[in-house]
Structures are given as structure tokens and as C-alpha cells.
Amino acid sequence: MLTPNEIIEKTIAVGIAKVRKSIEAKLLLGFTGGAMIALGYLAYIRVSASIGQDLPSIASLIGASVFPIGLIVILMAGGELVTGNMMAVSSAFFKKKISLRELLANWMIITAANVTGAIFAAYTFGHLVGLTSTGIYQQQVVLLAEQKLDSSFFQSFLSGIGCNWFVGIALWLCYGAKDAIGKIVSVWFPVMVFVVIGFQHSVANCFLIPAAIFEGYYSWGIFLQNFIAVFLGNIIGGSIFVAGVYHISLKEK
């Protein structure tokens with residue numbers, strides 16, 4: 001495992017590299033990232049729904065144990081995820097290696113691609129294939145979406161902070177790990193824990209809530225309200241609670 005000072009240097013280098021990628025690469029890898037997070041959530045739904053509502057805690061735990069596969073694929077096979085970039089690209093910004101314009105442009109492009117990939121997966125694999133449109137699986141999608149949408153704007157915002165605090169830590173540990181097993185374990189547990197707790201991830205919600213919408217529940221307007229609240233919370237969680245904290249605490253005296 002790298003030392004904290006080595007990890008922050010690695011994180012800054014990753015952030016710079018993310019900004020320097022071509023627009024085509026950002027869009028393609030962002031689409032892939034959104035789709036991978038969506039498919040991780042689809043796995044959560046299929047597993048947890050099969051266990052049933054009689055054991056909700058067990059269903060949540062087992063479902064959460066398969067969800068991290070999405071982020072693992074993104075980090076190890078290649079992909080772009082805006083919630084991760086909120087930490088990595090912010091680290092480069094705080095070190096004055098990139099401009100505010102470059103940071104915001106990166107977040108905007110990756111967000112658009114992530115949302116497209118997640119909604120594509122919800123419609124294609126969830127609705128058209130029927131993996132979220134029938135029986136217990138549709139019931140689980142609607143139940144989980146309802147739980148997200150029942151939160152107030154402020155609650156969703158705070159939940160987004162908690163989520164990306166964990167995601168940012170997962171990336172931080174992943175960048176510090178020296179082998180594949182270490183990277184997988186580093187990502188798996190923080191991500192699994194935020195899912196078990198019930199914190200909200202803006203890109204994951206771009207799969208879950210549209211999946212419910214495609215089955216005739218809720219509306220795009222209420223989805224947008226949730227997305228804005230959670231997205232803003234995710235920014236604070238990744239850029240301030242992780243990148244900002246380590247930038248201040250590890251900066252050279």
C-alpha cells in the first residue's frame with residue numbers, strides 16, 4: 001500500500017489525466033461508466049428481490065455485496081464516473097494543476113455521458129429485456145425508488161454527501177493499492193457499506209428511478225429534483241470531505 005502522501009500524488013496525476021482525455025474518450029468512457037453502475041444496481045435488484053421483503057436487512061446486505069462490481073469494472077477495465085471525478089479531478093484542481101473551467105467541463109461532460117448510459121441500461125436491460133418490469137423485480141424497483149423519492153431535498157443532499165464520502169475513500173484506497181486484489185478489496189467494502197446504509201448515488205439513481213418511470217411510476221420532474229439534490233451532495237462528499245481534507249492535511253509545510 002502506498003503512503004498517504006504517495007496516494008495524493010497518484011490521485012492528482014489521475015485527475016490531470018482525466019481532464020486531458022479527448023472529448024470522444026470522455027463520452028465513450030462516461031457512457032460505459034454510467035452503464036456499469038446501472039448494471040451493478042440491476043444485480044442488486046435481482047438478488048435482493050429474490051430474497052424477499054421478509055428479511056429486508058439480509059436482502060439489502062446481500063444486494064449491496066454485488067453492487068460494487070460496477071465501480072470495480074470502471075476502475076480496473078476503464079471508465080469514467082463523475083462521482084469519482086469529483087474527488088480525483090478536485091485533487092488536481094486544489095493543487096492548481098488544472099483550472100476551474102477544466103474541472104467544471106470535465107464534470108459536465110462525464111455527467112451527461114453517465115446519465116445517458118444509466119438510462120440506456122434502465123430502458124434496454126430493465127424495461128425491454130424485462131429484468132425490472134415483471135413480478136417481484138418490478139415491485140423491488142418501485143419500492144427502492146419510492147424510498148429515494150420520499151426523502152426531502154435536504155435529506156437527499158445530505159445522503160449524497162455520505163455516499164460520495166465513501167466512494168471517494170474507495171477511490172483513494174484503490175489508487176494506493178499495489179495489486180489487483182488490493183484494489184478490488186479497497187473498492188468493495190466502502191461501496192458496499194454506503195449501499196447498505198442507504199446513502200444516495202446520483203448516477204445509480206439515474207438507473208433506479210427511470211427504471212420505475214418506464215414501468216409507469218413517478219415522473220421525470222420528481223426524478224430531476226432528486227438528481228439535483230443528490231448530485232450537489234455528491235460534490236461535497238467527494239471534493240470537500242475527501243479531496244479537500246487530504247489536500248489540507250497532507251500539503252507540504
# chains A, B, ... in the order shown; residues from 1 in each chain; ligands from 1

call {"tool": "closest_atom_pairs", "arguments": {"of": "region 3-101 of chain A", "to": "region 186-204 of chain A", "cutoff": "8 Å", "atoms": "only C-alpha atoms", "output": "JSON lines"}}
result
{"residue": "A:Gly34", "atom": "CA", "partner": "A:Val203", "partner_atom": "CA", "distance": 6.5}
{"residue": "A:Ile37", "atom": "CA", "partner": "A:Ala204", "partner_atom": "CA", "distance": 6.0}
{"residue": "A:Ala38", "atom": "CA", "partner": "A:Ala204", "partner_atom": "CA", "distance": 5.9}
{"residue": "A:Tyr41", "atom": "CA", "partner": "A:Ala204", "partner_atom": "CA", "distance": 6.7}
{"residue": "A:Ser60", "atom": "CA", "partner": "A:Val196", "partner_atom": "CA", "distance": 5.9}
{"residue": "A:Leu61", "atom": "CA", "partner": "A:Val196", "partner_atom": "CA", "distance": 5.8}
{"residue": "A:Ala64", "atom": "CA", "partner": "A:Met192", "partner_atom": "CA", "distance": 5.0}
{"residue": "A:Ser65", "atom": "CA", "partner": "A:Met192", "partner_atom": "CA", "distance": 5.6}
{"residue": "A:Val66", "atom": "CA", "partner": "A:Met192", "partner_atom": "CA", "distance": 7.9}
{"residue": "A:Phe67", "atom": "CA", "partner": "A:Met192", "partner_atom": "CA", "distance": 6.9}
{"residue": "A:Pro68", "atom": "CA", "partner": "A:Trp188", "partner_atom": "CA", "distance": 5.5}
{"residue": "A:Ile69", "atom": "CA", "partner": "A:Trp188", "partner_atom": "CA", "distance": 7.7}
{"residue": "A:Leu71", "atom": "CA", "partner": "A:Val187", "partner_atom": "CA", "distance": 7.5}
{"residue": "A:Ile72", "atom": "CA", "partner": "A:Val187", "partner_atom": "CA", "distance": 6.7}
{"residue": "A:Thr83", "atom": "CA", "partner": "A:Val203", "partner_atom": "CA", "distance": 7.9}

call {"tool": "write_last_selection", "arguments": {"atoms": "all heavy atoms", "output": "compact mmCIF listing (two decimals), in the first residue's frame"}}
result
# COMPACT_ATOMS: atom_id res chain seq x y z
N GLY A 34 -21.59 4.98 -16.67
CA GLY A 34 -22.99 5.03 -16.26
C GLY A 34 -23.67 3.69 -16.39
O GLY A 34 -24.45 3.27 -15.52
N ILE A 37 -22.43 1.19 -13.58
CA ILE A 37 -23.09 1.45 -12.28
C ILE A 37 -24.53 0.96 -12.34
O ILE A 37 -25.05 0.37 -11.38
CB ILE A 37 -23.03 2.95 -11.95
CG1 ILE A 37 -21.59 3.39 -11.67
CG2 ILE A 37 -23.93 3.28 -10.76
CD1 ILE A 37 -20.95 2.69 -10.48
N ALA A 38 -25.20 1.19 -13.46
CA ALA A 38 -26.58 0.73 -13.62
C ALA A 38 -26.67 -0.79 -13.53
O ALA A 38 -27.58 -1.33 -12.88
CB ALA A 38 -27.14 1.22 -14.96
N TYR A 41 -26.43 -1.95 -10.09
CA TYR A 41 -27.71 -1.76 -9.38
C TYR A 41 -28.73 -2.81 -9.83
O TYR A 41 -29.53 -3.28 -9.02
CB TYR A 41 -28.26 -0.36 -9.64
CG TYR A 41 -29.00 0.22 -8.46
CD1 TYR A 41 -28.83 1.55 -8.08
CD2 TYR A 41 -29.88 -0.55 -7.70
CE1 TYR A 41 -29.51 2.09 -6.99
CE2 TYR A 41 -30.55 -0.01 -6.61
CZ TYR A 41 -30.36 1.29 -6.27
OH TYR A 41 -31.02 1.82 -5.19
N SER A 60 -30.83 -6.46 1.76
CA SER A 60 -30.03 -5.28 1.48
C SER A 60 -28.54 -5.59 1.54
O SER A 60 -27.76 -5.15 0.68
CB SER A 60 -30.36 -4.17 2.48
OG SER A 60 -29.57 -3.03 2.26
N LEU A 61 -28.12 -6.36 2.54
CA LEU A 61 -26.72 -6.71 2.69
C LEU A 61 -26.21 -7.53 1.50
O LEU A 61 -25.15 -7.24 0.94
CB LEU A 61 -26.50 -7.48 3.98
CG LEU A 61 -25.07 -7.99 4.24
CD1 LEU A 61 -24.10 -6.82 4.33
CD2 LEU A 61 -25.03 -8.84 5.50
N ALA A 64 -26.20 -5.40 -1.63
CA ALA A 64 -25.09 -4.44 -1.59
C ALA A 64 -23.76 -5.11 -1.88
O ALA A 64 -22.83 -4.46 -2.37
CB ALA A 64 -25.05 -3.76 -0.23
N SER A 65 -23.65 -6.39 -1.59
CA SER A 65 -22.37 -7.09 -1.80
C SER A 65 -22.07 -7.30 -3.28
O SER A 65 -20.90 -7.52 -3.65
CB SER A 65 -22.39 -8.45 -1.08
OG SER A 65 -23.26 -9.36 -1.72
N VAL A 66 -23.10 -7.22 -4.15
CA VAL A 66 -22.84 -7.38 -5.59
C VAL A 66 -22.80 -6.03 -6.31
O VAL A 66 -22.26 -5.93 -7.41
CB VAL A 66 -23.89 -8.29 -6.25
CG1 VAL A 66 -23.87 -9.68 -5.63
CG2 VAL A 66 -25.30 -7.70 -6.19
N PHE A 67 -23.34 -4.99 -5.70
CA PHE A 67 -23.36 -3.68 -6.35
C PHE A 67 -21.97 -3.15 -6.72
O PHE A 67 -21.80 -2.54 -7.78
CB PHE A 67 -24.08 -2.66 -5.45
CG PHE A 67 -24.08 -1.26 -6.00
CD1 PHE A 67 -25.02 -0.87 -6.95
CD2 PHE A 67 -23.13 -0.34 -5.60
CE1 PHE A 67 -25.02 0.42 -7.47
CE2 PHE A 67 -23.11 0.95 -6.10
CZ PHE A 67 -24.06 1.33 -7.05
N PRO A 68 -20.93 -3.34 -5.88
CA PRO A 68 -19.63 -2.73 -6.18
C PRO A 68 -18.99 -3.19 -7.48
O PRO A 68 -18.02 -2.57 -7.93
CB PRO A 68 -18.77 -3.13 -4.97
CG PRO A 68 -19.74 -3.34 -3.87
CD PRO A 68 -20.94 -3.95 -4.53
N ILE A 69 -19.48 -4.27 -8.09
CA ILE A 69 -18.87 -4.75 -9.33
C ILE A 69 -18.84 -3.65 -10.39
O ILE A 69 -17.91 -3.59 -11.20
CB ILE A 69 -19.62 -6.00 -9.86
CG1 ILE A 69 -18.88 -6.62 -11.05
CG2 ILE A 69 -21.05 -5.66 -10.24
CD1 ILE A 69 -17.49 -7.13 -10.72
N LEU A 71 -18.35 -0.32 -10.04
CA LEU A 71 -17.21 0.57 -9.85
C LEU A 71 -15.90 -0.17 -10.05
O LEU A 71 -14.92 0.41 -10.56
CB LEU A 71 -17.26 1.21 -8.45
CG LEU A 71 -16.20 2.27 -8.16
CD1 LEU A 71 -16.25 3.40 -9.19
CD2 LEU A 71 -16.36 2.84 -6.76
N ILE A 72 -15.85 -1.43 -9.67
CA ILE A 72 -14.63 -2.22 -9.88
C ILE A 72 -14.31 -2.31 -11.37
O ILE A 72 -13.16 -2.14 -11.79
CB ILE A 72 -14.78 -3.63 -9.27
CG1 ILE A 72 -14.78 -3.52 -7.73
CG2 ILE A 72 -13.66 -4.55 -9.73
CD1 ILE A 72 -15.18 -4.80 -7.03
N THR A 83 -18.89 10.86 -10.03
CA THR A 83 -18.72 10.88 -8.59
C THR A 83 -17.28 10.61 -8.19
O THR A 83 -16.77 11.18 -7.22
CB THR A 83 -19.67 9.88 -7.90
OG1 THR A 83 -19.57 8.62 -8.58
CG2 THR A 83 -21.11 10.37 -7.96

call {"tool": "closest_atom_pairs", "arguments": {"of": "region 82-192 of chain A", "to": "region 3-19 of chain A", "cutoff": "10 Å", "atoms": "only C-alpha atoms", "output": "CSV"}}
result
residue,atom,partner,partner_atom,distance
A:Gly84,CA,A:Gly15,CA,9.7
A:Asn85,CA,A:Gly15,CA,7.1
A:Met86,CA,A:Gly15,CA,9.3
A:Met87,CA,A:Gly15,CA,8.3
A:Ala88,CA,A:Gly15,CA,4.7
A:Val89,CA,A:Gly15,CA,4.0
A:Ser90,CA,A:Gly15,CA,7.3
A:Ser91,CA,A:Ile12,CA,5.4
A:Ala92,CA,A:Ile12,CA,4.5
A:Phe93,CA,A:Gly15,CA,8.3
A:Phe94,CA,A:Ile12,CA,9.0
A:Lys95,CA,A:Ile12,CA,7.6
A:Lys96,CA,A:Ile12,CA,9.9
A:Lys97,CA,A:Ile16,CA,7.1
A:Ile98,CA,A:Ile16,CA,6.9
A:Ser99,CA,A:Val19,CA,9.9
A:Glu102,CA,A:Val19,CA,6.7
A:Leu103,CA,A:Val19,CA,7.3
A:Leu104,CA,A:Val19,CA,9.9
A:Ala105,CA,A:Val19,CA,8.5
A:Asn106,CA,A:Val19,CA,6.1
A:Trp107,CA,A:Val19,CA,9.4
A:Leu171,CA,A:Thr11,CA,8.7
A:Trp172,CA,A:Ile7,CA,6.9
A:Leu173,CA,A:Ile7,CA,8.0
A:Cys174,CA,A:Ile7,CA,9.2
A:Tyr175,CA,A:Ile7,CA,6.3
A:Gly176,CA,A:Ile7,CA,5.2
A:Ala177,CA,A:Ile7,CA,9.0

call {"tool": "residues_around", "arguments": {"residues": "Ser50 (chain A)", "least_positions_apart": "6", "cutoff": "12 Å", "atoms": "only C-alpha atoms", "output": "ChimeraX atom specification"}}
result
/A:43-44,56,58-60,62-63,135-140

call {"tool": "residues_around", "arguments": {"residues": "Asn114 (chain A)", "least_positions_apart": "4", "cutoff": "9 Å", "atoms": "only C-alpha atoms", "output": "PyMOL selection string"}}
result
chain A and resi 27+29-35+37+80-82+109-110+118-119+203+206

call {"tool": "closest_residue", "arguments": {"among": "A:Gly221, A:Gly233, A:Gly244, A:Pro210", "to": "Ala145 (chain A)", "atoms": "only C-alpha atoms"}}
result
A:Pro210

call {"tool": "residues_around", "arguments": {"residues": "Val142 (chain A)", "least_positions_apart": "2", "cutoff": "12 Å", "atoms": "only C-alpha atoms", "output": "PDB file with C-alpha atoms, in the first residue's frame"}}
result
ATOM      1  CA  ILE A  45     -32.325  -5.563  -7.516  1.00  0.00           C
ATOM      2  CA  ALA A  49     -35.858  -9.104  -4.729  1.00  0.00           C
ATOM      3  CA  THR A 132     -37.150  -4.882 -13.898  1.00  0.00           C
ATOM      4  CA  SER A 133     -40.612  -4.931 -15.441  1.00  0.00           C
ATOM      5  CA  THR A 134     -42.195  -8.096 -14.076  1.00  0.00           C
ATOM      6  CA  GLY A 135     -43.250  -9.611 -10.756  1.00  0.00           C
ATOM      7  CA  ILE A 136     -41.069  -9.228  -7.696  1.00  0.00           C
ATOM      8  CA  TYR A 137     -38.400  -7.355  -9.644  1.00  0.00           C
ATOM      9  CA  GLN A 138     -40.745  -4.547 -10.642  1.00  0.00           C
ATOM     10  CA  GLN A 139     -42.018  -4.414  -7.062  1.00  0.00           C
ATOM     11  CA  GLN A 140     -38.460  -4.072  -5.798  1.00  0.00           C
ATOM     12  CA  LEU A 144     -36.469   1.271  -3.794  1.00  0.00           C
ATOM     13  CA  ALA A 145     -37.325   4.276  -5.983  1.00  0.00           C
ATOM     14  CA  GLU A 146     -40.048   5.284  -3.545  1.00  0.00           C
ATOM     15  CA  GLN A 147     -37.557   5.192  -0.675  1.00  0.00           C
ATOM     16  CA  LYS A 148     -35.245   7.577  -2.563  1.00  0.00           C
ATOM     17  CA  LEU A 149     -38.030   9.926  -3.613  1.00  0.00           C
ATOM     18  CA  ASP A 150     -39.636  10.080  -0.179  1.00  0.00           C
ATOM     19  CA  PHE A 207     -30.865   3.853 -13.307  1.00  0.00           C
ATOM     20  CA  LEU A 208     -33.258   3.142 -10.451  1.00  0.00           C
ATOM     21  CA  ILE A 209     -35.751   5.989 -10.768  1.00  0.00           C
ATOM     22  CA  PRO A 210     -36.003   5.920 -14.600  1.00  0.00           C
ATOM     23  CA  ALA A 211     -36.476   2.139 -14.346  1.00  0.00           C
ATOM     24  CA  ALA A 212     -39.555   2.832 -12.208  1.00  0.00           C
ATOM     25  CA  ILE A 213     -40.668   5.593 -14.590  1.00  0.00           C
ATOM     26  CA  PHE A 214     -40.501   3.215 -17.559  1.00  0.00           C
ATOM     27  CA  GLU A 215     -42.920   0.931 -15.689  1.00  0.00           C
ATOM     28  CA  GLY A 216     -45.448   3.763 -15.250  1.00  0.00           C
ATOM     29  CA  TYR A 217     -44.480   5.121 -11.825  1.00  0.00           C
ATOM     30  CA  TYR A 218     -43.388   8.635 -10.831  1.00  0.00           C
TER      31      TYR A 218
END

call {"tool": "select_by_dssp", "arguments": {"residues": "region 88-226 of chain A", "states": "helix (DSSP H, G or I)", "output": "PyMOL selection string"}}
result
chain A and resi 88-94+100-128+135-149+153-176+180-197+202-214+220-226

call {"tool": "atom_distance", "arguments": {"atom1": "CA of Gly70 (chain A)", "atom2": "CA of Ala121 (chain A)"}}
result
12.5 Å

call {"tool": "decode", "arguments": {"residues": "region 80-94 of chain A", "atoms": "all heavy atoms", "output": "short mmCIF file (atom, residue, chain, number, x, y, z; two decimals), in the first residue's frame"}}
result
data_model
loop_
_atom_site.label_atom_id
_atom_site.label_comp_id
_atom_site.auth_asym_id
_atom_site.auth_seq_id
_atom_site.Cartn_x
_atom_site.Cartn_y
_atom_site.Cartn_z
N GLU A 80 -15.33 6.18 -16.91
CA GLU A 80 -15.35 7.48 -16.25
C GLU A 80 -16.65 7.60 -15.46
O GLU A 80 -17.73 7.31 -15.99
CB GLU A 80 -15.26 8.62 -17.27
CG GLU A 80 -13.90 8.76 -17.93
CD GLU A 80 -12.85 9.34 -17.00
OE1 GLU A 80 -13.20 10.18 -16.14
OE2 GLU A 80 -11.68 8.95 -17.12
N LEU A 81 -16.53 8.03 -14.21
CA LEU A 81 -17.68 8.18 -13.34
C LEU A 81 -17.57 9.53 -12.64
O LEU A 81 -16.56 9.81 -11.99
CB LEU A 81 -17.74 7.05 -12.31
CG LEU A 81 -18.96 7.02 -11.41
CD1 LEU A 81 -20.23 6.73 -12.22
CD2 LEU A 81 -18.79 5.97 -10.31
N VAL A 82 -18.59 10.36 -12.78
CA VAL A 82 -18.48 11.72 -12.28
C VAL A 82 -18.29 11.77 -10.77
O VAL A 82 -17.58 12.65 -10.25
CB VAL A 82 -19.69 12.58 -12.71
CG1 VAL A 82 -20.97 12.14 -11.99
CG2 VAL A 82 -19.42 14.06 -12.47
N THR A 83 -18.89 10.86 -10.03
CA THR A 83 -18.72 10.88 -8.59
C THR A 83 -17.28 10.61 -8.19
O THR A 83 -16.77 11.18 -7.22
CB THR A 83 -19.67 9.88 -7.90
OG1 THR A 83 -19.57 8.62 -8.58
CG2 THR A 83 -21.11 10.37 -7.96
N GLY A 84 -16.59 9.75 -8.93
CA GLY A 84 -15.17 9.54 -8.70
C GLY A 84 -14.36 10.75 -9.11
O GLY A 84 -13.40 11.14 -8.44
N ASN A 85 -14.75 11.37 -10.22
CA ASN A 85 -14.04 12.56 -10.69
C ASN A 85 -14.20 13.74 -9.74
O ASN A 85 -13.35 14.63 -9.71
CB ASN A 85 -14.52 12.94 -12.09
CG ASN A 85 -14.06 11.97 -13.16
OD1 ASN A 85 -13.60 10.86 -12.84
ND2 ASN A 85 -14.16 12.36 -14.41
N MET A 86 -15.30 13.74 -8.99
CA MET A 86 -15.48 14.80 -8.00
C MET A 86 -14.36 14.78 -6.97
O MET A 86 -14.01 15.81 -6.40
CB MET A 86 -16.84 14.66 -7.31
CG MET A 86 -18.01 15.00 -8.21
SD MET A 86 -19.57 14.52 -7.45
CE MET A 86 -20.75 14.98 -8.74
N MET A 87 -13.77 13.62 -6.73
CA MET A 87 -12.64 13.51 -5.84
C MET A 87 -11.32 13.68 -6.57
O MET A 87 -10.49 14.54 -6.22
CB MET A 87 -12.67 12.16 -5.11
CG MET A 87 -11.67 12.05 -3.95
SD MET A 87 -9.96 11.69 -4.43
CE MET A 87 -10.06 9.92 -4.72
N ALA A 88 -11.10 12.90 -7.63
CA ALA A 88 -9.80 12.89 -8.30
C ALA A 88 -9.49 14.21 -9.01
O ALA A 88 -8.39 14.76 -8.89
CB ALA A 88 -9.75 11.73 -9.29
N VAL A 89 -10.46 14.73 -9.78
CA VAL A 89 -10.22 15.97 -10.52
C VAL A 89 -10.14 17.15 -9.56
O VAL A 89 -9.36 18.09 -9.78
CB VAL A 89 -11.31 16.17 -11.59
CG1 VAL A 89 -11.08 17.47 -12.37
CG2 VAL A 89 -11.33 14.99 -12.56
N SER A 90 -10.91 17.10 -8.47
CA SER A 90 -10.80 18.16 -7.46
C SER A 90 -9.41 18.19 -6.84
O SER A 90 -8.88 19.26 -6.53
CB SER A 90 -11.85 17.95 -6.36
OG SER A 90 -13.14 18.19 -6.84
N SER A 91 -8.81 17.02 -6.64
CA SER A 91 -7.45 16.96 -6.09
C SER A 91 -6.47 17.70 -6.99
O SER A 91 -5.60 18.44 -6.50
CB SER A 91 -7.02 15.51 -5.90
OG SER A 91 -7.81 14.85 -4.93
N ALA A 92 -6.61 17.50 -8.30
CA ALA A 92 -5.75 18.21 -9.25
C ALA A 92 -6.02 19.71 -9.23
O ALA A 92 -5.10 20.53 -9.34
CB ALA A 92 -5.96 17.65 -10.65
N PHE A 93 -7.29 20.08 -9.06
CA PHE A 93 -7.65 21.50 -9.00
C PHE A 93 -7.09 22.16 -7.75
O PHE A 93 -6.53 23.26 -7.82
CB PHE A 93 -9.18 21.65 -9.03
CG PHE A 93 -9.66 23.05 -8.78
CD1 PHE A 93 -9.49 24.04 -9.74
CD2 PHE A 93 -10.27 23.38 -7.58
CE1 PHE A 93 -9.93 25.34 -9.50
CE2 PHE A 93 -10.70 24.67 -7.33
CZ PHE A 93 -10.53 25.66 -8.30
N PHE A 94 -7.23 21.51 -6.60
CA PHE A 94 -6.72 22.08 -5.36
C PHE A 94 -5.20 22.27 -5.40
O PHE A 94 -4.66 23.17 -4.77
CB PHE A 94 -7.10 21.20 -4.17
CG PHE A 94 -8.57 21.19 -3.84
CD1 PHE A 94 -9.19 20.04 -3.37
CD2 PHE A 94 -9.33 22.33 -4.01
CE1 PHE A 94 -10.55 20.03 -3.07
CE2 PHE A 94 -10.69 22.34 -3.72
CZ PHE A 94 -11.30 21.18 -3.25
#
